[in-house]
>>> print(open('work.txt').read())   # compact mmCIF, C-alpha atoms and all ligand atoms
# COMPACT_ATOMS: atom_id res chain seq x y z
CA MET B 4 3.31 -14.59 47.16
CA ASN B 5 -0.35 -13.81 47.67
CA ALA B 6 -2.31 -10.89 46.20
CA ALA B 7 -2.25 -8.81 49.39
CA SER B 8 1.53 -8.92 49.74
CA MET B 9 2.02 -8.13 46.04
CA ASP B 10 -0.31 -5.16 46.45
CA GLU B 11 1.65 -3.99 49.43
CA LYS B 12 4.85 -3.88 47.38
CA ASP B 13 3.16 -2.34 44.32
CA VAL B 14 4.81 1.00 43.51
CA LEU B 15 2.05 1.93 41.05
CA LYS B 16 -0.97 1.40 43.30
CA LYS B 17 -1.51 5.11 43.96
CA TYR B 18 -2.52 5.73 40.34
CA LYS B 19 -5.77 3.82 40.59
CA GLU B 20 -7.31 6.69 42.57
CA GLU B 21 -6.62 9.06 39.70
CA PHE B 22 -9.06 7.31 37.37
CA TYR B 23 -12.80 7.52 37.00
CA LEU B 24 -13.59 3.83 37.16
CA PRO B 25 -16.92 2.02 37.16
CA ASP B 26 -17.91 0.10 40.29
CA TYR B 27 -16.86 -3.13 38.62
CA LEU B 28 -13.59 -4.42 37.20
CA TYR B 29 -12.95 -2.94 33.77
CA TYR B 30 -10.98 -5.21 31.42
CA GLU B 31 -10.83 -3.04 28.31
CA ALA B 32 -7.37 -1.45 28.64
CA ASN B 33 -6.70 -2.90 25.19
CA GLY B 34 -9.94 -1.36 23.87
CA LEU B 35 -10.69 2.03 25.42
CA GLY B 36 -8.89 3.15 28.57
CA PRO B 37 -10.78 5.18 31.20
CA MET B 38 -10.55 8.90 31.92
CA SER B 39 -8.14 10.09 34.59
CA ARG B 40 -8.27 13.35 36.53
CA ARG B 41 -5.11 14.47 34.75
CA SER B 42 -6.73 13.90 31.35
CA GLU B 43 -9.82 15.74 32.47
CA ALA B 44 -7.65 18.67 33.58
CA THR B 45 -5.76 18.99 30.29
CA LEU B 46 -8.98 18.55 28.31
CA ASN B 47 -10.66 21.29 30.36
CA ARG B 48 -7.65 23.56 30.00
CA VAL B 49 -7.67 23.31 26.22
CA ALA B 50 -11.46 23.75 26.11
CA GLU B 51 -11.06 26.95 28.18
CA GLU B 52 -8.39 28.13 25.77
CA TRP B 53 -10.77 27.65 22.89
CA LYS B 54 -13.48 29.52 24.82
CA ASN B 55 -11.24 32.42 25.80
CA LEU B 56 -8.55 32.66 23.16
CA LEU B 57 -10.30 31.54 20.02
CA VAL B 58 -7.90 31.59 17.10
CA ALA B 59 -5.17 33.19 19.20
CA GLY B 60 -4.85 29.79 20.91
CA TRP B 61 -2.65 28.66 18.01
CA PHE B 62 0.20 30.58 19.59
CA ALA B 63 -1.10 31.70 22.99
CA GLY B 64 -2.28 28.37 24.40
CA GLU B 65 -0.33 27.06 27.41
CA VAL B 66 1.10 24.57 24.97
CA PRO B 67 0.48 26.51 21.73
CA TRP B 68 -1.88 24.53 19.48
CA PHE B 69 0.47 25.08 16.57
CA TYR B 70 3.06 22.84 18.28
CA TYR B 71 0.63 20.62 20.18
CA PRO B 72 0.94 17.43 18.04
CA GLU B 73 4.75 17.67 18.14
CA ARG B 74 4.97 18.44 21.87
CA ILE B 75 2.59 15.72 22.99
CA ALA B 76 4.16 13.19 20.62
CA ALA B 77 7.56 14.01 22.14
CA MET B 78 6.16 12.88 25.51
CA GLU B 79 5.99 9.37 24.02
CA GLU B 80 9.63 9.21 22.88
CA GLU B 81 10.90 7.32 25.88
CA LEU B 82 7.97 4.88 25.81
CA VAL B 83 8.84 3.60 22.36
CA GLY B 84 12.52 4.50 22.08
CA ALA B 85 12.14 7.25 19.48
CA LYS B 86 14.47 10.17 18.87
CA GLU B 87 13.58 13.82 18.55
CA LYS B 88 11.34 14.57 15.53
CA GLU B 89 10.59 10.88 14.89
CA LEU B 90 7.03 11.05 16.29
CA ILE B 91 3.90 12.98 15.42
CA ILE B 92 0.27 12.72 16.49
CA ASN B 93 -2.12 12.78 13.57
CA GLY B 94 -5.34 11.25 12.26
CA THR B 95 -6.50 7.76 13.11
CA THR B 96 -4.40 4.63 13.16
CA THR B 97 -6.14 3.51 10.00
CA THR B 98 -5.46 6.71 8.05
CA ASN B 99 -1.86 6.64 9.26
CA ILE B 100 -1.48 3.06 8.03
CA HIS B 101 -2.69 4.20 4.62
CA SER B 102 -0.26 7.08 4.73
CA VAL B 103 2.86 5.05 5.64
CA LEU B 104 2.02 2.17 3.32
CA ALA B 105 1.43 4.59 0.44
CA ALA B 106 4.95 5.89 0.98
CA PHE B 107 6.90 2.75 1.92
CA TYR B 108 5.26 0.16 -0.33
CA LYS B 109 7.02 0.46 -3.67
CA PRO B 110 6.40 -2.68 -5.72
CA TRP B 111 9.10 -3.04 -8.32
CA GLY B 112 10.20 -5.93 -10.55
CA LYS B 113 9.56 -9.14 -8.67
CA ARG B 114 9.43 -7.37 -5.29
CA THR B 115 5.69 -6.84 -5.12
CA LYS B 116 4.43 -8.44 -1.91
CA ILE B 117 3.51 -7.13 1.53
CA LEU B 118 4.21 -9.55 4.38
CA CYS B 119 1.72 -9.41 7.27
CA ASP B 120 0.48 -11.90 9.87
CA SER B 121 -2.52 -14.18 9.69
CA GLN B 122 -4.10 -12.48 12.73
CA ILE B 123 -3.88 -8.99 11.20
CA PHE B 124 -6.47 -6.57 12.64
CA SER B 125 -9.40 -5.96 10.28
CA SER B 126 -8.74 -2.27 9.62
CA ASP B 127 -5.03 -2.87 9.01
CA ARG B 128 -5.90 -5.52 6.47
CA TYR B 129 -8.39 -3.29 4.67
CA ALA B 130 -5.71 -0.62 4.40
CA VAL B 131 -3.01 -3.06 3.24
CA GLU B 132 -5.26 -4.56 0.57
CA ALA B 133 -6.39 -1.13 -0.62
CA GLN B 134 -2.79 0.08 -0.90
CA ILE B 135 -1.85 -3.03 -2.88
CA ARG B 136 -4.71 -2.29 -5.28
CA LEU B 137 -3.79 1.39 -5.52
CA LYS B 138 -0.34 0.35 -6.77
CA GLY B 139 -1.97 -1.71 -9.52
CA GLN B 140 -1.32 -5.06 -7.78
CA ASP B 141 -3.66 -7.81 -6.63
CA PRO B 142 -3.97 -8.66 -2.91
CA ASP B 143 -4.70 -12.29 -3.84
CA ASP B 144 -1.15 -12.51 -5.19
CA ASP B 145 0.64 -9.85 -3.21
CA LEU B 146 -0.53 -10.17 0.39
CA ILE B 147 1.31 -12.82 2.41
CA LEU B 148 -0.29 -13.74 5.74
CA ALA B 149 2.31 -15.60 7.77
CA GLY B 150 1.13 -18.10 10.36
CA ILE B 151 -2.09 -19.34 8.80
CA GLY B 152 -3.49 -22.29 10.77
CA ASN B 153 -1.84 -21.45 14.08
CA PRO B 154 -2.96 -18.51 16.22
CA ILE B 155 0.53 -18.23 17.74
CA ILE B 156 2.86 -17.09 15.00
CA SER B 157 6.46 -18.20 14.88
CA GLU B 158 9.04 -15.53 14.12
CA ASP B 159 10.98 -18.22 12.22
CA GLU B 160 8.06 -18.60 9.87
CA ILE B 161 7.79 -14.84 9.33
CA ILE B 162 11.52 -14.74 8.58
CA ASP B 163 11.19 -17.65 6.15
CA TRP B 164 8.66 -15.55 4.22
CA MET B 165 11.11 -12.63 3.86
CA SER B 166 12.02 -13.50 0.28
CA GLU B 167 13.14 -11.42 -2.68
CA GLU B 168 9.48 -11.02 -3.61
CA VAL B 169 8.69 -9.02 -0.48
CA ALA B 170 8.57 -5.25 -0.90
CA LEU B 171 7.37 -4.38 2.61
CA ILE B 172 6.70 -5.97 6.00
CA PHE B 173 3.92 -4.74 8.28
CA LEU B 174 3.29 -6.57 11.56
CA PRO B 175 1.79 -6.00 14.99
CA SER B 176 3.98 -5.65 18.09
CA VAL B 177 1.38 -7.50 20.16
CA VAL B 178 -1.11 -9.63 18.23
CA HIS B 179 -4.54 -8.24 19.20
CA SER B 180 -6.31 -11.61 19.29
CA THR B 181 -3.81 -13.70 21.23
CA GLY B 182 -1.72 -11.24 23.22
CA GLN B 183 1.47 -12.65 21.66
CA LEU B 184 4.39 -10.20 21.66
CA LEU B 185 6.50 -10.52 18.52
CA ASP B 186 10.26 -10.18 18.71
CA MET B 187 10.40 -6.84 16.93
CA GLU B 188 14.14 -6.43 17.34
CA ARG B 189 14.89 -9.76 15.66
CA LEU B 190 12.33 -9.23 12.89
CA ALA B 191 13.66 -5.73 12.17
CA ALA B 192 17.24 -7.03 12.02
CA GLU B 193 16.28 -9.85 9.65
CA ALA B 194 14.32 -7.45 7.43
CA ALA B 195 17.28 -5.04 7.33
CA LYS B 196 19.63 -7.87 6.27
CA ARG B 197 17.39 -8.43 3.26
CA GLY B 198 16.86 -4.74 2.50
CA ILE B 199 13.09 -4.92 3.16
CA PRO B 200 11.44 -1.96 4.93
CA ILE B 201 9.56 -3.01 8.06
CA GLY B 202 6.84 -1.27 10.07
CA PHE B 203 4.79 -2.19 13.12
CA ASP B 204 1.35 -1.46 14.51
CA LEU B 205 2.01 -0.89 18.22
CA SER B 206 -1.66 -0.41 19.14
CA HIS B 207 -1.63 -3.27 21.65
CA SER B 208 1.74 -2.53 23.22
CA ALA B 209 2.05 1.26 23.39
CA GLY B 210 1.95 2.27 27.04
CA VAL B 211 2.37 -1.24 28.44
CA VAL B 212 5.40 -2.76 26.67
CA PRO B 213 8.47 -0.58 26.08
CA CYS B 214 10.40 -0.88 22.84
CA LYS B 215 13.35 0.70 21.03
CA LEU B 216 12.07 1.66 17.64
CA HIS B 217 15.05 3.81 16.73
CA ASP B 218 17.81 1.49 17.93
CA TRP B 219 16.16 -1.53 16.36
CA GLY B 220 16.05 0.27 13.00
CA VAL B 221 12.27 -0.05 12.56
CA ASP B 222 11.33 1.98 9.48
CA PHE B 223 7.94 3.21 10.63
CA ALA B 224 5.24 2.49 13.20
CA VAL B 225 1.71 3.61 14.09
CA TRP B 226 -0.45 3.12 17.14
CA CYS B 227 -3.67 3.99 18.95
CA ASN B 228 -3.44 6.30 21.94
CA TYR B 229 -6.79 5.43 23.50
CA LYS B 230 -5.96 1.93 24.73
CA TYR B 231 -3.25 1.50 27.42
CA LEU B 232 -2.33 5.15 27.01
CA ASN B 233 -5.80 6.32 28.09
CA GLY B 234 -5.95 9.25 25.66
CA GLY B 235 -9.71 8.93 25.40
CA LEU B 236 -12.43 8.52 22.87
CA GLY B 237 -11.32 9.60 19.41
CA CYS B 238 -7.78 10.38 20.53
CA PRO B 239 -5.60 10.62 17.42
CA SER B 240 -2.88 8.13 16.65
CA THR B 241 0.93 8.44 16.66
CA ILE B 242 3.23 7.88 13.69
CA PHE B 243 6.90 6.99 14.05
CA ILE B 244 9.19 7.66 11.09
CA HIS B 245 12.79 6.56 11.63
CA GLU B 246 15.32 9.34 11.13
CA LYS B 247 16.95 7.32 8.31
CA ASN B 248 13.66 7.76 6.40
CA PHE B 249 13.27 11.52 6.75
CA ASP B 250 13.88 11.84 3.00
CA VAL B 251 11.13 9.40 2.06
CA PRO B 252 8.52 11.55 0.30
CA VAL B 253 5.27 11.98 2.22
CA ALA B 254 2.61 10.23 0.17
CA MET B 255 -0.52 11.90 1.58
CA PRO B 256 0.50 15.49 2.30
CA GLY B 257 -1.59 18.21 3.82
CA TRP B 258 -0.98 21.78 4.90
CA HIS B 259 -0.15 20.90 8.51
CA GLY B 260 2.79 18.81 7.29
CA TYR B 261 4.31 21.79 5.51
CA VAL B 262 7.65 23.25 6.63
CA LYS B 263 6.55 24.51 10.00
CA ASP B 264 7.58 28.14 9.75
CA LEU B 265 6.00 28.58 6.33
CA GLN B 266 2.86 26.58 6.93
CA PHE B 267 0.39 29.41 7.33
CA ARG B 268 1.67 31.04 4.11
CA LYS B 269 -0.28 28.39 2.18
CA LEU B 270 2.29 28.13 -0.61
CA PRO B 271 1.27 26.23 -3.74
CA HIS B 272 3.71 23.29 -3.80
CA PHE B 273 4.10 20.93 -0.90
CA GLU B 274 7.38 20.95 0.98
CA ALA B 275 7.43 18.63 3.98
CA GLU B 276 8.64 19.58 7.43
CA ARG B 277 11.68 17.37 8.11
CA GLY B 278 10.78 14.50 10.38
CA ALA B 279 7.53 12.85 11.33
CA GLY B 280 5.91 16.31 11.56
CA GLY B 281 5.79 16.35 7.75
CA TRP B 282 3.36 13.41 7.84
CA GLN B 283 0.51 15.44 9.30
CA HIS B 284 -2.51 15.93 7.11
CA GLY B 285 -5.02 18.64 8.00
CA SER B 286 -5.70 20.64 11.16
CA PRO B 287 -4.59 18.79 14.28
CA LEU B 288 -7.40 17.40 16.43
CA ILE B 289 -6.43 19.58 19.38
CA LEU B 290 -9.41 18.82 21.62
CA ASN B 291 -8.95 15.11 21.07
CA ILE B 292 -5.24 15.22 21.78
CA ALA B 293 -5.77 17.23 24.98
CA PRO B 294 -6.69 14.29 27.29
CA LEU B 295 -3.57 12.46 26.12
CA GLU B 296 -1.38 15.19 27.56
CA GLY B 297 -2.57 14.44 31.10
CA ALA B 298 -2.58 10.71 30.51
CA LEU B 299 1.03 10.73 29.28
CA ASP B 300 2.09 12.84 32.21
CA MET B 301 0.98 9.98 34.45
CA VAL B 302 2.52 7.21 32.33
CA ARG B 303 5.86 9.04 32.29
CA GLU B 304 5.76 9.66 36.00
CA ALA B 305 4.92 5.99 36.66
CA GLY B 306 7.68 4.89 34.25
CA ILE B 307 7.23 2.46 31.39
CA ASP B 308 9.64 -0.08 32.91
CA ALA B 309 7.68 -0.18 36.18
CA ILE B 310 4.45 -0.48 34.16
CA ARG B 311 5.81 -3.42 32.17
CA LYS B 312 7.11 -5.11 35.31
CA LYS B 313 3.73 -4.91 37.01
CA SER B 314 1.90 -5.94 33.85
CA LEU B 315 4.01 -9.09 33.58
CA ALA B 316 3.53 -9.84 37.25
CA MET B 317 -0.25 -9.48 36.91
CA THR B 318 -0.62 -11.55 33.75
CA GLY B 319 1.76 -14.17 35.20
CA TYR B 320 -0.26 -14.30 38.41
CA PHE B 321 -3.49 -14.64 36.43
CA MET B 322 -2.05 -17.56 34.48
CA GLU B 323 -1.08 -19.27 37.74
CA LEU B 324 -4.63 -18.79 39.02
CA ILE B 325 -6.00 -20.26 35.81
CA ASP B 326 -3.82 -23.33 36.24
CA GLU B 327 -4.92 -23.65 39.83
CA LYS B 328 -8.63 -22.90 39.65
CA LEU B 329 -9.90 -22.67 36.09
CA ALA B 330 -8.07 -25.23 33.95
CA LYS B 331 -10.25 -27.96 35.43
CA LEU B 332 -13.30 -25.94 34.34
CA GLY B 333 -12.18 -26.00 30.72
CA VAL B 334 -10.24 -22.73 30.57
CA GLU B 335 -7.16 -22.87 28.32
CA ILE B 336 -4.51 -20.19 27.98
CA LEU B 337 -3.78 -19.15 24.41
CA THR B 338 -1.31 -16.33 25.13
CA PRO B 339 2.31 -17.48 25.26
CA ARG B 340 3.51 -17.96 28.83
CA GLU B 341 7.04 -16.67 28.39
CA ASP B 342 7.54 -13.12 29.68
CA ASP B 343 9.21 -11.95 26.50
CA ARG B 344 6.43 -13.37 24.32
CA ARG B 345 3.34 -11.77 25.84
CA GLY B 346 1.95 -8.24 25.96
CA GLY B 347 -0.52 -6.73 28.42
CA HIS B 348 -3.53 -8.97 27.90
CA VAL B 349 -4.24 -12.64 28.33
CA THR B 350 -6.40 -14.53 25.85
CA ILE B 351 -8.18 -17.60 27.13
CA LEU B 352 -10.14 -20.23 25.28
CA HIS B 353 -13.39 -21.68 26.59
CA VAL B 354 -16.44 -23.27 25.01
CA ALA B 355 -18.59 -20.58 26.71
CA ALA B 356 -16.38 -17.73 25.49
CA SER B 357 -19.22 -15.42 24.46
CA GLU B 358 -20.95 -15.82 27.84
CA ILE B 359 -17.66 -15.17 29.66
CA THR B 360 -17.15 -12.02 27.60
CA ASP B 361 -20.70 -10.83 28.42
CA PHE B 362 -20.08 -11.62 32.07
CA LEU B 363 -16.84 -9.64 32.26
CA ASP B 364 -18.24 -6.73 30.25
CA SER B 365 -21.29 -6.42 32.42
CA GLY B 366 -19.57 -6.21 35.79
CA SER B 367 -19.10 -9.93 36.55
CA ARG B 368 -22.69 -10.39 37.75
CA ILE B 369 -24.05 -13.91 37.48
CA THR B 370 -27.64 -14.18 36.30
CA ASP B 371 -29.67 -17.40 36.08
CA GLU B 372 -29.84 -17.00 32.34
CA LEU B 373 -26.07 -16.65 31.99
CA LYS B 374 -25.39 -19.54 34.30
CA SER B 375 -27.71 -21.88 32.42
CA ALA B 376 -26.25 -20.84 29.05
CA VAL B 377 -22.76 -21.63 30.41
CA ARG B 378 -23.94 -24.96 31.82
CA GLU B 379 -25.53 -25.94 28.56
CA LYS B 380 -22.36 -25.24 26.59
CA MET B 381 -20.14 -27.01 29.10
CA ALA B 382 -22.47 -30.02 29.20
CA SER B 383 -22.25 -30.38 25.42
CA GLY B 384 -18.75 -31.83 25.96
CA LYS B 385 -17.48 -29.91 22.93
CA PRO B 386 -13.93 -28.60 23.27
CA ALA B 387 -13.33 -24.87 22.85
CA GLY B 388 -12.73 -23.91 19.22
CA LYS B 389 -9.91 -21.65 18.13
CA ASP B 390 -12.34 -18.74 17.88
CA ASP B 391 -13.79 -19.22 21.37
CA GLN B 392 -11.48 -16.54 22.70
CA VAL B 393 -11.82 -14.13 25.60
CA ARG B 394 -9.32 -11.28 25.94
CA ILE B 395 -8.69 -10.02 29.45
CA SER B 396 -6.62 -6.94 29.97
CA PHE B 397 -5.29 -5.72 33.33
CA SER B 398 -3.98 -2.18 33.20
CA PRO B 399 -1.05 -1.78 35.62
CA LEU B 400 -2.25 1.75 36.38
CA TYR B 401 -5.66 0.83 37.76
CA PHE B 402 -5.60 -2.87 38.60
CA SER B 403 -4.46 -4.41 41.85
CA PHE B 404 -3.33 -7.99 42.36
CA GLU B 405 -6.44 -8.42 44.50
CA ASP B 406 -8.47 -7.45 41.41
CA VAL B 407 -6.68 -10.14 39.43
CA TYR B 408 -7.48 -12.68 42.14
CA MET B 409 -11.13 -11.55 42.15
CA THR B 410 -11.26 -12.04 38.38
CA ALA B 411 -10.20 -15.67 38.70
CA GLN B 412 -12.58 -16.18 41.59
CA ASN B 413 -15.51 -14.65 39.69
CA LEU B 414 -14.79 -16.87 36.70
CA GLU B 415 -14.61 -19.90 38.98
CA GLN B 416 -18.07 -19.03 40.31
CA LEU B 417 -19.47 -18.59 36.83
CA LEU B 418 -18.02 -21.82 35.45
CA GLY B 419 -18.13 -24.04 38.54
CA ASP B 420 -21.12 -25.85 40.06
C1 LIG B 501 -4.34 -3.26 16.02
C2 LIG B 501 -5.25 -2.15 15.65
N1 LIG B 501 -5.01 -1.45 14.53
C3 LIG B 501 -5.83 -0.45 14.14
C4 LIG B 501 -6.93 -0.11 14.88
C5 LIG B 501 -7.83 0.98 14.38
O1 LIG B 501 -7.58 2.20 14.97
P1 LIG B 501 -8.37 3.50 14.50
O2 LIG B 501 -9.80 3.26 14.82
O3 LIG B 501 -7.75 4.60 15.29
O4 LIG B 501 -8.15 3.66 13.05
C6 LIG B 501 -7.21 -0.79 16.07
C7 LIG B 501 -8.38 -0.43 16.89
O5 LIG B 501 -8.77 -1.06 17.83
C8 LIG B 501 -6.36 -1.84 16.46
O6 LIG B 501 -6.58 -2.55 17.57
>>> encode(input="work.txt", output="structure tokens")
Amino acid sequence: MNAASMDEKDVLKKYKEEFYLPDYLYYEANGLGPMSRRSEATLNRVAEEWKNLLVAGWFAGEVPWFYYPERIAAMEEELVGAKEKELIINGTTTTNIHSVLAAFYKPWGKRTKILCDSQIFSSDRYAVEAQIRLKGQDPDDDLILAGIGNPIISEDEIIDWMSEEVALIFLPSVVHSTGQLLDMERLAAEAAKRGIPIGFDLSHSAGVVPCKLHDWGVDFAVWCNYKYLNGGLGCPSTIFIHEKNFDVPVAMPGWHGYVKDLQFRKLPHFEAERGAGGWQHGSPLILNIAPLEGALDMVREAGIDAIRKKSLAMTGYFMELIDEKLAKLGVEILTPREDDRRGGHVTILHVAASEITDFLDSGSRITDELKSAVREKMASGKPAGKDDQVRISFSPLYFSFEDVYMTAQNLEQLLGD
């Protein structure tokens, strides 16, 4: 099927008009999603509430600010398969990682290690290592990075590492560098068999790949809301705490995690609200959550299954175009090709990776300088190294199949004669 006929059948095409997009193709859905009119509307509404209601907004806002993190988090339940009270919006992904690790990592006896992946995102790693140190352990001994030496990580290898020395497992859903989707269900089941708590960072899947956190028995999860979910700059992160863990003591409490009805009494000893709500720290970042309300309204209306279906069709189509037009120009696909092993972005390898990234980031305009830099690298005859990666993300809400075709065509022009 060609791009035009796929666009004709696309049930999500109407959403593109709702976004403020630049006049070039924007590939950063896995970095910072764009603003939509619905996000602008909810942001403006909350800003007006601040202007007009001041402190009364806590209870008189259209969605009262007091319940805002709970209510907006609840809008994500169906996207990740969470039950009531299992989600809360709070802080940044990094602070939330600290918070969940502080609570779920309990080194004891010979169970002292945290099992992560070799591609772990920088901030996640800093948090993991810091939490290991805070518990009096040494990251050199107690951090396992599965999959060293191969950018695509095998679940079998991760499972082989799940020994009696492992106190906690913390993995990504989609590996940020390669776009590989890990089999969370299988990993969670294997961890449960061995009695090891397991958590995931869903930053690169939330809003583009559905999952079933509750049914799969995942202990906890965190994710960014400003990538595929388009919650905007500085949008706080979401925490998932499985219902079975509602009695796990909150390790980094703050007054907004207090039993909801008593919170403003400012009582001396912390008592957590039951559920993920208890994991809030200080005052919720209401103005930063506000754009997410509109963005989630759109994602829910579009439907996460339809989003995933289109995402797979787009990345699959792009891979076909690479095989057809770009493989002969030295482009290799790093992301796994199987539908159930890839997320929303495709990572390619090319000797001129940094020039390709500049090209895509700057609106796919070819300059003489860029072209000669590409030529020089390609003429060197060197193969692409494992770090010569380019990540290309097509958001199903604002990309058409024609856009995907254009991407391949633009790259062909840049890399060809
Ligand atoms: C996988 C992953 N984890 C964590 C973060 C950090 O998120 P934050 O800046 O909200 O702490 C990012 C940001 O891009 C990310 O991609």
>>> atom_distance(input="work.txt", atom1="atom CA of Cys238 of chain B", atom2="atom CA of Thr97 of chain B")
12.7 Å
>>> residues_around(input="work.txt", residues="Glu405 of chain B", least_positions_apart="4", cutoff="9 Å", atoms="all atoms listed in the file", output="short mmCIF file (atom, residue, chain, number, x, y, z; two decimals) with C-alpha atoms, keeping the file's coordinate frame")
data_model
loop_
_atom_site.label_atom_id
_atom_site.label_comp_id
_atom_site.auth_asym_id
_atom_site.auth_seq_id
_atom_site.Cartn_x
_atom_site.Cartn_y
_atom_site.Cartn_z
CA ASN B 5 -0.35 -13.81 47.67
CA ALA B 6 -2.31 -10.89 46.20
CA ALA B 7 -2.25 -8.81 49.39
CA MET B 9 2.02 -8.13 46.04
CA ASP B 10 -0.31 -5.16 46.45
CA MET B 409 -11.13 -11.55 42.15
CA THR B 410 -11.26 -12.04 38.38
#
>>> closest_residue(input="work.txt", among="B:Trp111, B:Phe203, B:Tyr27, B:Phe267", to="Val225 of chain B", atoms="all atoms listed in the file")
B:Phe203
>>> residues_around(input="work.txt", residues="Ile156 of chain B", least_positions_apart="2", cutoff="10 Å", atoms="only C-alpha atoms", output="ChimeraX atom specification")
/B:120-122,149-154,158-161,178,181,183-185
>>> write_last_selection(input="work.txt", atoms="C-alpha atoms", output="compact mmCIF listing (two decimals), in the frame of the given file")
# COMPACT_ATOMS: atom_id res chain seq x y z
CA ASP B 120 0.48 -11.90 9.87
CA SER B 121 -2.52 -14.18 9.69
CA GLN B 122 -4.10 -12.48 12.73
CA ALA B 149 2.31 -15.60 7.77
CA GLY B 150 1.13 -18.10 10.36
CA ILE B 151 -2.09 -19.34 8.80
CA GLY B 152 -3.49 -22.29 10.77
CA ASN B 153 -1.84 -21.45 14.08
CA PRO B 154 -2.96 -18.51 16.22
CA GLU B 158 9.04 -15.53 14.12
CA ASP B 159 10.98 -18.22 12.22
CA GLU B 160 8.06 -18.60 9.87
CA ILE B 161 7.79 -14.84 9.33
CA VAL B 178 -1.11 -9.63 18.23
CA THR B 181 -3.81 -13.70 21.23
CA GLN B 183 1.47 -12.65 21.66
CA LEU B 184 4.39 -10.20 21.66
CA LEU B 185 6.50 -10.52 18.52
>>> residues_around(input="work.txt", residues="Pro213 of chain B", least_positions_apart="4", cutoff="7 Å", atoms="all atoms listed in the file", output="PyMOL selection string")
chain B and resi 82-83+307-308
>>> residues_around(input="work.txt", residues="Ser398 of chain B", least_positions_apart="6", cutoff="10 Å", atoms="all atoms listed in the file", output="PyMOL selection string")
chain B and resi 19+29-33+36+210-211+230-232+310-311+313-314+317-318+347-348
>>> closest_residue(input="work.txt", among="B:Lys374, B:Arg114, B:His179, B:Arg303", to="ligand LIG 501 (chain B)", atoms="all atoms listed in the file")
B:His179
>>> residues_near_ligand(input="work.txt", ligand="ligand LIG 501 (chain B)", cutoff="10 Å", atoms="all atoms listed in the file", output="ChimeraX atom specification")
/B:33-35,94-100,122-128,130,174-180,203-208,225-230,236-241
>>> residues_around(input="work.txt", residues="Ile147 of chain B", least_positions_apart="6", cutoff="8 Å", atoms="all atoms listed in the file", output="PyMOL selection string")
chain B and resi 116-120
>>> closest_residue(input="work.txt", among="B:Pro256, B:Pro294, B:Gly220, B:Pro110", to="Gly280 of chain B", atoms="all atoms listed in the file")
B:Pro256
>>> atom_distance(input="work.txt", atom1="atom CA of Ile244 of chain B", atom2="atom CA of Gln134 of chain B")
18.6 Å
>>> atom_distance(input="work.txt", atom1="atom CA of Ala77 of chain B", atom2="atom CA of Ala191 of chain B")
22.9 Å
>>> axis_aligned_box(input="work.txt", around="segment 274-283 of chain B", padding_each_side="4 Å", output="JSON")
{"center_x": 6.1, "center_y": 16.9, "center_z": 6.3, "size_x": 19.2, "size_y": 16.1, "size_z": 18.6}
